[in-house]
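The file final_2.pdb contains PDB, C-alpha atoms:
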ATOM      1  CA  MET A   1      41.050  43.778 -11.859
ATOM      2  CA  PHE A   2      39.022  42.909  -8.717
ATOM      3  CA  TYR A   3      39.608  40.169  -6.162
ATOM      4  CA  ASP A   4      35.869  39.673  -5.522
ATOM      5  CA  ARG A   5      32.517  41.434  -5.477
ATOM      6  CA  ASN A   6      33.142  42.793  -1.983
ATOM      7  CA  GLU A   7      36.276  44.621  -3.089
ATOM      8  CA  ALA A   8      34.468  45.986  -6.132
ATOM      9  CA  ALA A   9      31.573  47.169  -3.950
ATOM     10  CA  ILE A  10      33.880  49.033  -1.563
ATOM     11  CA  LYS A  11      35.562  50.782  -4.491
ATOM     12  CA  LEU A  12      32.165  51.741  -5.912
ATOM     13  CA  ALA A  13      31.024  53.027  -2.524
ATOM     14  CA  ASN A  14      34.073  55.302  -2.396
ATOM     15  CA  LYS A  15      33.007  56.827  -5.726
ATOM     16  CA  LEU A  16      29.469  57.276  -4.406
ATOM     17  CA  LEU A  17      30.388  59.054  -1.162
ATOM     18  CA  PRO A  18      28.604  62.295  -2.180
ATOM     19  CA  TYR A  19      25.355  60.391  -1.504
ATOM     20  CA  LYS A  20      26.336  59.320   2.003
ATOM     21  CA  GLY A  21      23.823  60.520   4.563
ATOM     22  CA  ARG A  22      21.197  61.256   1.897
ATOM     23  CA  ARG A  23      19.484  57.907   2.484
ATOM     24  CA  PRO A  24      19.993  56.486  -1.014
ATOM     25  CA  LEU A  25      18.120  53.375  -2.032
ATOM     26  CA  VAL A  26      20.670  50.873  -3.328
ATOM     27  CA  LEU A  27      19.165  48.193  -5.548
ATOM     28  CA  GLY A  28      21.043  45.050  -6.520
ATOM     29  CA  ILE A  29      20.187  42.963  -9.585
ATOM     30  CA  PRO A  30      19.822  39.373  -8.307
ATOM     31  CA  ARG A  31      21.567  37.440  -7.553
ATOM     32  CA  GLY A  32      25.219  38.391  -7.943
ATOM     33  CA  ALA A  33      24.887  42.110  -7.260
ATOM     34  CA  VAL A  34      22.806  41.868  -4.090
ATOM     35  CA  PRO A  35      25.777  41.367  -1.714
ATOM     36  CA  MET A  36      27.403  44.362  -3.416
ATOM     37  CA  ALA A  37      24.286  46.476  -2.907
ATOM     38  CA  LYS A  38      24.364  45.589   0.791
ATOM     39  CA  VAL A  39      27.982  46.745   1.151
ATOM     40  CA  ILE A  40      27.313  49.992  -0.706
ATOM     41  CA  ALA A  41      24.148  50.712   1.285
ATOM     42  CA  GLU A  42      26.039  50.191   4.530
ATOM     43  CA  GLN A  43      28.885  52.466   3.419
ATOM     44  CA  LEU A  44      26.446  55.226   2.396
ATOM     45  CA  ASN A  45      23.989  54.817   5.315
ATOM     46  CA  GLY A  46      21.275  53.933   2.796
ATOM     47  CA  ASP A  47      18.732  51.168   2.283
ATOM     48  CA  CYS A  48      19.262  47.942   0.350
ATOM     49  CA  ASP A  49      16.744  46.164  -1.877
ATOM     50  CA  VAL A  50      16.525  44.273  -5.170
ATOM     51  CA  VAL A  51      15.156  45.083  -8.617
ATOM     52  CA  LEU A  52      13.837  41.931 -10.250
ATOM     53  CA  VAL A  53      14.754  41.566 -13.911
ATOM     54  CA  ARG A  54      15.954  38.669 -16.060
ATOM     55  CA  LYS A  55      18.061  38.289 -19.153
ATOM     56  CA  LEU A  56      16.417  36.820 -22.268
ATOM     57  CA  ARG A  57      18.841  34.185 -23.542
ATOM     58  CA  ALA A  58      19.890  33.686 -27.146
ATOM     59  CA  PRO A  59      18.990  30.374 -28.840
ATOM     60  CA  TYR A  60      21.840  27.862 -28.472
ATOM     61  CA  SER A  61      23.946  30.418 -26.569
ATOM     62  CA  PRO A  62      22.375  31.031 -23.140
ATOM     63  CA  GLU A  63      25.183  33.326 -21.959
ATOM     64  CA  LEU A  64      24.363  35.836 -24.713
ATOM     65  CA  ALA A  65      21.541  38.274 -23.930
ATOM     66  CA  ILE A  66      19.071  39.109 -26.681
ATOM     67  CA  GLY A  67      17.054  41.287 -24.311
ATOM     68  CA  SER A  68      15.564  41.375 -20.840
ATOM     69  CA  ILE A  69      12.287  41.533 -18.956
ATOM     70  CA  ASP A  70      11.237  43.229 -15.727
ATOM     71  CA  GLU A  71       8.882  42.145 -12.975
ATOM     72  CA  ASN A  72       5.854  43.739 -14.641
ATOM     73  CA  GLY A  73       6.425  42.192 -18.056
ATOM     74  CA  TRP A  74       8.088  45.179 -19.747
ATOM     75  CA  THR A  75      10.547  43.848 -22.347
ATOM     76  CA  TYR A  76      13.713  45.145 -23.929
ATOM     77  CA  ILE A  77      14.761  43.452 -27.191
ATOM     78  CA  ALA A  78      18.332  43.988 -28.440
ATOM     79  CA  SER A  79      18.987  44.682 -32.115
ATOM     80  CA  ILE A  80      20.954  41.415 -32.421
ATOM     81  CA  ALA A  81      17.971  39.222 -31.528
ATOM     82  CA  SER A  82      16.851  38.283 -35.037
ATOM     83  CA  ALA A  83      20.444  37.867 -36.244
ATOM     84  CA  VAL A  84      21.050  35.085 -33.714
ATOM     85  CA  GLY A  85      17.808  33.265 -34.520
ATOM     86  CA  ALA A  86      15.406  34.663 -31.936
ATOM     87  CA  ASP A  87      12.086  34.980 -33.753
ATOM     88  CA  ASP A  88       8.814  36.130 -32.184
ATOM     89  CA  ALA A  89       7.818  32.615 -31.082
ATOM     90  CA  TYR A  90      11.180  32.012 -29.425
ATOM     91  CA  ILE A  91      11.085  35.381 -27.643
ATOM     92  CA  ALA A  92       7.551  34.758 -26.359
ATOM     93  CA  HIS A  93       8.623  31.372 -24.962
ATOM     94  CA  GLU A  94      11.787  32.784 -23.386
ATOM     95  CA  LYS A  95       9.818  35.640 -21.806
ATOM     96  CA  LYS A  96       7.470  33.102 -20.214
ATOM     97  CA  ILE A  97      10.385  31.144 -18.750
ATOM     98  CA  GLN A  98      12.079  34.204 -17.303
ATOM     99  CA  MET A  99       8.844  35.654 -15.903
ATOM    100  CA  GLU A 100       8.307  32.394 -14.045
ATOM    101  CA  THR A 101      11.762  32.768 -12.488
ATOM    102  CA  ILE A 102      11.030  36.364 -11.483
ATOM    103  CA  GLN A 103       7.715  35.362  -9.919
ATOM    104  CA  GLN A 104       9.369  32.517  -8.043
ATOM    105  CA  ARG A 105      11.991  34.864  -6.644
ATOM    106  CA  ARG A 106       9.375  37.408  -5.616
ATOM    107  CA  LYS A 107       7.567  34.652  -3.703
ATOM    108  CA  GLN A 108      10.827  33.789  -1.954
ATOM    109  CA  TYR A 109      11.924  37.332  -1.169
ATOM    110  CA  THR A 110       8.700  39.126  -0.215
ATOM    111  CA  PRO A 111       7.975  37.106   2.962
ATOM    112  CA  VAL A 112      11.276  38.359   4.414
ATOM    113  CA  HIS A 113      11.258  41.824   2.845
ATOM    114  CA  THR A 114       8.521  43.959   1.279
ATOM    115  CA  PRO A 115       9.862  46.023  -1.657
ATOM    116  CA  LEU A 116      10.986  49.568  -0.835
ATOM    117  CA  ASN A 117       9.410  52.443  -2.755
ATOM    118  CA  PRO A 118      11.893  54.310  -5.026
ATOM    119  CA  THR A 119       9.592  57.272  -5.731
ATOM    120  CA  GLY A 120      11.262  60.561  -4.844
ATOM    121  CA  ARG A 121      14.479  58.904  -3.664
ATOM    122  CA  ILE A 122      18.077  58.816  -4.851
ATOM    123  CA  VAL A 123      18.249  55.347  -6.405
ATOM    124  CA  ILE A 124      21.525  53.555  -7.138
ATOM    125  CA  VAL A 125      21.203  50.421  -9.268
ATOM    126  CA  VAL A 126      24.127  48.039  -8.871
ATOM    127  CA  ASP A 127      25.358  45.104 -10.927
ATOM    128  CA  ASP A 128      28.650  43.207 -10.707
ATOM    129  CA  GLY A 129      29.429  44.227 -14.286
ATOM    130  CA  LEU A 130      27.763  44.861 -17.627
ATOM    131  CA  ALA A 131      28.298  42.952 -20.858
ATOM    132  CA  THR A 132      25.429  43.769 -23.224
ATOM    133  CA  GLY A 133      23.701  45.796 -20.485
ATOM    134  CA  ALA A 134      20.370  44.093 -21.157
ATOM    135  CA  THR A 135      19.360  43.407 -17.560
ATOM    136  CA  MET A 136      20.465  46.866 -16.448
ATOM    137  CA  ILE A 137      18.329  48.449 -19.181
ATOM    138  CA  ALA A 138      15.238  46.604 -17.946
ATOM    139  CA  ALA A 139      16.047  47.496 -14.341
ATOM    140  CA  LEU A 140      16.484  51.177 -15.126
ATOM    141  CA  TYR A 141      13.369  51.406 -17.261
ATOM    142  CA  SER A 142      11.273  49.786 -14.524
ATOM    143  CA  LEU A 143      12.550  52.422 -12.096
ATOM    144  CA  ILE A 144      12.125  55.423 -14.406
ATOM    145  CA  LYS A 145       8.377  54.755 -14.318
ATOM    146  CA  LYS A 146       8.471  55.058 -10.522
ATOM    147  CA  ASP A 147       9.841  58.621 -10.618
ATOM    148  CA  PRO A 148      12.993  58.545  -8.477
ATOM    149  CA  ALA A 149      14.559  61.885  -7.557
ATOM    150  CA  LYS A 150      17.826  60.741  -9.139
ATOM    151  CA  LEU A 151      18.734  57.501 -10.915
ATOM    152  CA  ILE A 152      22.302  56.207 -10.898
ATOM    153  CA  CYS A 153      23.871  53.126 -12.473
ATOM    154  CA  ALA A 154      26.890  51.832 -10.527
ATOM    155  CA  VAL A 155      29.034  48.985 -11.881
ATOM    156  CA  PRO A 156      32.664  47.943 -11.491
ATOM    157  CA  VAL A 157      33.297  47.177 -15.157
ATOM    158  CA  ALA A 158      31.624  47.515 -18.564
ATOM    159  CA  PRO A 159      32.544  48.016 -22.232
ATOM    160  CA  ALA A 160      32.269  51.524 -23.662
ATOM    161  CA  ASP A 161      29.473  50.761 -26.136
ATOM    162  CA  THR A 162      27.279  49.372 -23.367
ATOM    163  CA  LEU A 163      27.881  52.423 -21.188
ATOM    164  CA  ASN A 164      26.778  54.639 -24.065
ATOM    165  CA  LYS A 165      23.375  52.891 -24.064
ATOM    166  CA  ILE A 166      23.047  53.139 -20.288
ATOM    167  CA  ASN A 167      23.977  56.843 -20.202
ATOM    168  CA  ARG A 168      20.759  57.685 -22.029
ATOM    169  CA  LEU A 169      18.621  56.236 -19.246
ATOM    170  CA  VAL A 170      20.160  57.651 -16.069
ATOM    171  CA  ASP A 171      21.249  60.847 -14.367
ATOM    172  CA  GLN A 172      24.704  59.423 -13.631
ATOM    173  CA  VAL A 173      26.852  56.399 -14.438
ATOM    174  CA  VAL A 174      29.610  55.308 -12.076
ATOM    175  CA  CYS A 175      31.882  52.710 -13.681
ATOM    176  CA  LEU A 176      35.334  51.920 -12.306
ATOM    177  CA  GLU A 177      36.901  50.277 -15.354
ATOM    178  CA  VAL A 178      36.136  50.386 -19.096
ATOM    179  CA  PRO A 179      38.453  47.775 -20.668
ATOM    180  CA  GLU A 180      38.891  47.394 -24.407
ATOM    181  CA  ASN A 181      39.186  43.597 -24.352
ATOM    182  CA  PHE A 182      35.823  42.650 -22.867
ATOM    183  CA  GLN A 183      34.594  39.055 -23.140
ATOM    184  CA  SER A 184      32.655  38.428 -19.935
ATOM    185  CA  VAL A 185      32.144  40.009 -16.523
ATOM    186  CA  GLY A 186      33.774  37.078 -14.734
ATOM    187  CA  GLN A 187      37.121  37.618 -16.450
ATOM    188  CA  PHE A 188      37.679  40.741 -14.340
ATOM    189  CA  TYR A 189      37.349  38.949 -10.973
ATOM    190  CA  GLU A 190      39.792  36.582  -9.332
ATOM    191  CA  HIS A 191      37.029  35.127  -7.153
ATOM    192  CA  PHE A 192      33.539  35.129  -8.720
ATOM    193  CA  PRO A 193      31.299  32.509  -7.049
ATOM    194  CA  GLN A 194      27.603  32.109  -7.699
ATOM    195  CA  VAL A 195      25.329  33.858  -5.199
ATOM    196  CA  GLU A 196      22.478  31.689  -3.916
ATOM    197  CA  ASP A 197      18.913  32.667  -3.004
ATOM    198  CA  ALA A 198      19.573  31.912   0.678
ATOM    199  CA  GLU A 199      22.211  34.657   0.768
ATOM    200  CA  VAL A 200      19.892  37.115  -0.974
ATOM    201  CA  LYS A 201      17.093  36.359   1.494
ATOM    202  CA  ALA A 202      19.426  36.874   4.450
ATOM    203  CA  ILE A 203      20.473  40.276   3.088
ATOM    204  CA  LEU A 204      16.883  41.360   2.529
ATOM    205  CA  GLN A 205      15.724  40.762   6.094
ATOM    206  CA  SER A 206      15.505  44.441   7.022
ATOM    207  CA  LYS A 207      13.246  47.468   6.321
ATOM    208  CA  HIS A 208       9.798  47.178   4.785
ATOM    209  CA  VAL A 209       7.779  49.516   2.513
ATOM    210  CA  THR A 210       5.957  48.824  -0.798
ATOM    211  CA  GLY A 211       5.839  50.199  -4.331
ATOM    212  CA  LYS A 212       4.769  48.737  -7.693
ATOM    213  CA  THR A 213       3.816  49.667 -11.256
ATOM    214  CA  ASP A 214       2.358  47.776 -14.170
ATOM    215  CA  ASN A 215       3.205  48.562 -17.766
ATOM    216  CA  HIS A 216       3.616  45.874 -20.419
ATOM    217  CA  ASP A 217       5.153  47.682 -23.368
ATOM    218  CA  THR A 218       8.360  46.967 -25.283
ATOM    219  CA  TYR A 219      11.457  49.151 -25.716
ATOM    220  CA  VAL A 220      13.985  48.518 -28.504
ATOM    221  CA  ILE A 221      17.498  50.054 -28.661
TER     222      ILE A 221
END
If you convert what's in this file into structure tokens, what do you get?
Amino acid sequence: MFYDRNEAAIKLANKLLPYKGRRPLVLGIPRGAVPMAKVIAEQLNGDCDVVLVRKLRAPYSPELAIGSIDENGWTYIASIASAVGADDAYIAHEKKIQMETIQQRRKQYTPVHTPLNPTGRIVIVVDDGLATGATMIAALYSLIKKDPAKLICAVPVAPADTLNKINRLVDQVVCLEVPENFQSVGQFYEHFPQVEDAEVKAILQSKHVTGKTDNHDTYVI
């Protein structure tokens, strides 16, 4: 469906052209979507930044998301969590692990780039694809609290049921492909390498403004 993330980003940017020249803030979910956010921001004459969230992994099946957590500790728990063996103790432990990763990344990224403030701006949140949508849900919820002028989810590919969940949280969803046979995001790319922190840091060495919230509640869909 896509050769690589760069091709997918260019196709997304073409769908987002109405925002060109309106200085949108394009936020990539680390690490895979950050190079895509950079391409889209360049195409739209906007700014590029990251939104730090992490997937909460299922017991014995780390590729399956049972939820997600944002930089301030807000947690989304999917309805499948208990069915796959994730009890309260497991979730608490997994949250701790993923928060440590988020904090480590913030320590790496902030010295080269102070977070940009989304308040009052057109905000486009980018990922390289959605499966369960867990990390996107956490990313969007963390941004809703910061009162953007408009909130947009932009992804190359996602299943229909996931898009239905995301639609409730944003002003607009831009998704290029909605395949019926969806197993993983990587299946829709010919070239899908891992993105390293060094590449993310290089992308983030640009404009600097701050913005932060703190709310530690839980949202269940």
> Evaluating the PyMOL selection byres ((chain A and resi 41) around 12) on the displayed file yields which residues, as a ChimeraX atom specification?
Replying inline: /A:9-10,12-14,16-17,19-28,34-40,42-50,122-126,203-204
Selection to disk with C-alpha atoms, as a PDB file, in the coordinates of the input:
ATOM      1  CA  ALA A   9      31.573  47.169  -3.950  1.00  0.00           C
ATOM      2  CA  ILE A  10      33.880  49.033  -1.563  1.00  0.00           C
ATOM      3  CA  LEU A  12      32.165  51.741  -5.912  1.00  0.00           C
ATOM      4  CA  ALA A  13      31.024  53.027  -2.524  1.00  0.00           C
ATOM      5  CA  ASN A  14      34.073  55.302  -2.396  1.00  0.00           C
ATOM      6  CA  LEU A  16      29.469  57.276  -4.406  1.00  0.00           C
ATOM      7  CA  LEU A  17      30.388  59.054  -1.162  1.00  0.00           C
ATOM      8  CA  TYR A  19      25.355  60.391  -1.504  1.00  0.00           C
ATOM      9  CA  LYS A  20      26.336  59.320   2.003  1.00  0.00           C
ATOM     10  CA  GLY A  21      23.823  60.520   4.563  1.00  0.00           C
ATOM     11  CA  ARG A  22      21.197  61.256   1.897  1.00  0.00           C
ATOM     12  CA  ARG A  23      19.484  57.907   2.484  1.00  0.00           C
ATOM     13  CA  PRO A  24      19.993  56.486  -1.014  1.00  0.00           C
ATOM     14  CA  LEU A  25      18.120  53.375  -2.032  1.00  0.00           C
ATOM     15  CA  VAL A  26      20.670  50.873  -3.328  1.00  0.00           C
ATOM     16  CA  LEU A  27      19.165  48.193  -5.548  1.00  0.00           C
ATOM     17  CA  GLY A  28      21.043  45.050  -6.520  1.00  0.00           C
ATOM     18  CA  VAL A  34      22.806  41.868  -4.090  1.00  0.00           C
ATOM     19  CA  PRO A  35      25.777  41.367  -1.714  1.00  0.00           C
ATOM     20  CA  MET A  36      27.403  44.362  -3.416  1.00  0.00           C
ATOM     21  CA  ALA A  37      24.286  46.476  -2.907  1.00  0.00           C
ATOM     22  CA  LYS A  38      24.364  45.589   0.791  1.00  0.00           C
ATOM     23  CA  VAL A  39      27.982  46.745   1.151  1.00  0.00           C
ATOM     24  CA  ILE A  40      27.313  49.992  -0.706  1.00  0.00           C
ATOM     25  CA  GLU A  42      26.039  50.191   4.530  1.00  0.00           C
ATOM     26  CA  GLN A  43      28.885  52.466   3.419  1.00  0.00           C
ATOM     27  CA  LEU A  44      26.446  55.226   2.396  1.00  0.00           C
ATOM     28  CA  ASN A  45      23.989  54.817   5.315  1.00  0.00           C
ATOM     29  CA  GLY A  46      21.275  53.933   2.796  1.00  0.00           C
ATOM     30  CA  ASP A  47      18.732  51.168   2.283  1.00  0.00           C
ATOM     31  CA  CYS A  48      19.262  47.942   0.350  1.00  0.00           C
ATOM     32  CA  ASP A  49      16.744  46.164  -1.877  1.00  0.00           C
ATOM     33  CA  VAL A  50      16.525  44.273  -5.170  1.00  0.00           C
ATOM     34  CA  ILE A 122      18.077  58.816  -4.851  1.00  0.00           C
ATOM     35  CA  VAL A 123      18.249  55.347  -6.405  1.00  0.00           C
ATOM     36  CA  ILE A 124      21.525  53.555  -7.138  1.00  0.00           C
ATOM     37  CA  VAL A 125      21.203  50.421  -9.268  1.00  0.00           C
ATOM     38  CA  VAL A 126      24.127  48.039  -8.871  1.00  0.00           C
ATOM     39  CA  ILE A 203      20.473  40.276   3.088  1.00  0.00           C
ATOM     40  CA  LEU A 204      16.883  41.360   2.529  1.00  0.00           C
TER      41      LEU A 204
END
>> Just want the 10 Å neighbourhood of Phe182 (chain A), counted on only C-alpha atoms, with same-chain residues fewer than 5 positions away dropped. Output as a list in words.
In response: Leu130, Ala131, Val157, Ala158, Pro159, Ala160, Gln187 and Phe188 of chain A
Counting only C-alpha atoms, give me one row per residue of region 117-178 of chain A with an atom at most 10 Å from an atom of region 78-102 of chain A, showing the shortest contact pair and its distance in Å to one decimal, sorted by chain then residue number, as a Markdown table.
| residue | atom | partner | partner_atom | distance |
| --- | --- | --- | --- | --- |
| A:Thr132 | CA | A:Ala78 | CA | 8.8 |
| A:Gly133 | CA | A:Ala78 | CA | 9.8 |
| A:Ala134 | CA | A:Ala78 | CA | 7.6 |
>> For the PyMOL selection byres ((chain A and resi 194) around 12), applied here, can you spell out every residue it catches as number ranges by chain?
In response: A: 4-5, 30-35, 128, 186, 191-193, 195-200
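Rounded to one decimal, CA of Ile137 (chain A) and CA of Leu64 (chain A) lie 15.0 Å from each other.
Picture a line from CA of Arg54 (chain A) to CA of Glu7 (chain A); it runs 24.8 Å.
In this model, the gap between CA of Leu169 (chain A) and CA of Tyr141 (chain A) comes to 7.4 Å.
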> Taking the file as shown, what set of residues would the PyMOL selection byres ((chain A and resi 171) around 8) give back, as a PyMOL selection string?
Replying inline: chain A and resi 150-152+167+169-170+172-173
>> Given only C-alpha atoms as the basis, pick out the residue of A:Val174, A:Ala65, A:Met1, A:Leu52 nearest to Thr110 (chain A).
In response: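 Residue with the minimum atom-to-atom distance to Thr110 (chain A): A:Leu52.
Nearest residue to Lys145 (chain A), choosing from A:Val53, A:Pro118, A:Tyr60, A:Ile29 and counting all atoms listed in the file: A:Pro118.
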> Of the candidates A:Pro111, A:Pro62, A:Gly129, A:Gly73, which one gets nearest to Leu176 (chain A) if we count only C-alpha atoms?
Replying inline: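 Of the candidates, the smallest distance to Leu176 (chain A) is held by A:Gly129.
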> Using all atoms listed in the file, which residue out of A:Val51, A:Ile166, A:Ala149, A:Leu143 lies closest to Pro115 (chain A)?
Replying inline: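 Closest residue, counting all atoms listed in the file: A:Val51.
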>> Considering all atoms listed in the file, can you say which of A:Thr114, A:Gln108, A:Asn6, A:Thr135 comes closest to Asp70 (chain A)?
In response: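 That would be A:Thr135, the residue with the smallest distance to Asp70 (chain A).
Nearest residue to Lys107 (chain A) among A:Val178, A:Glu71, A:Val185, A:Ile77 is A:Glu71, counting all atoms listed in the file.
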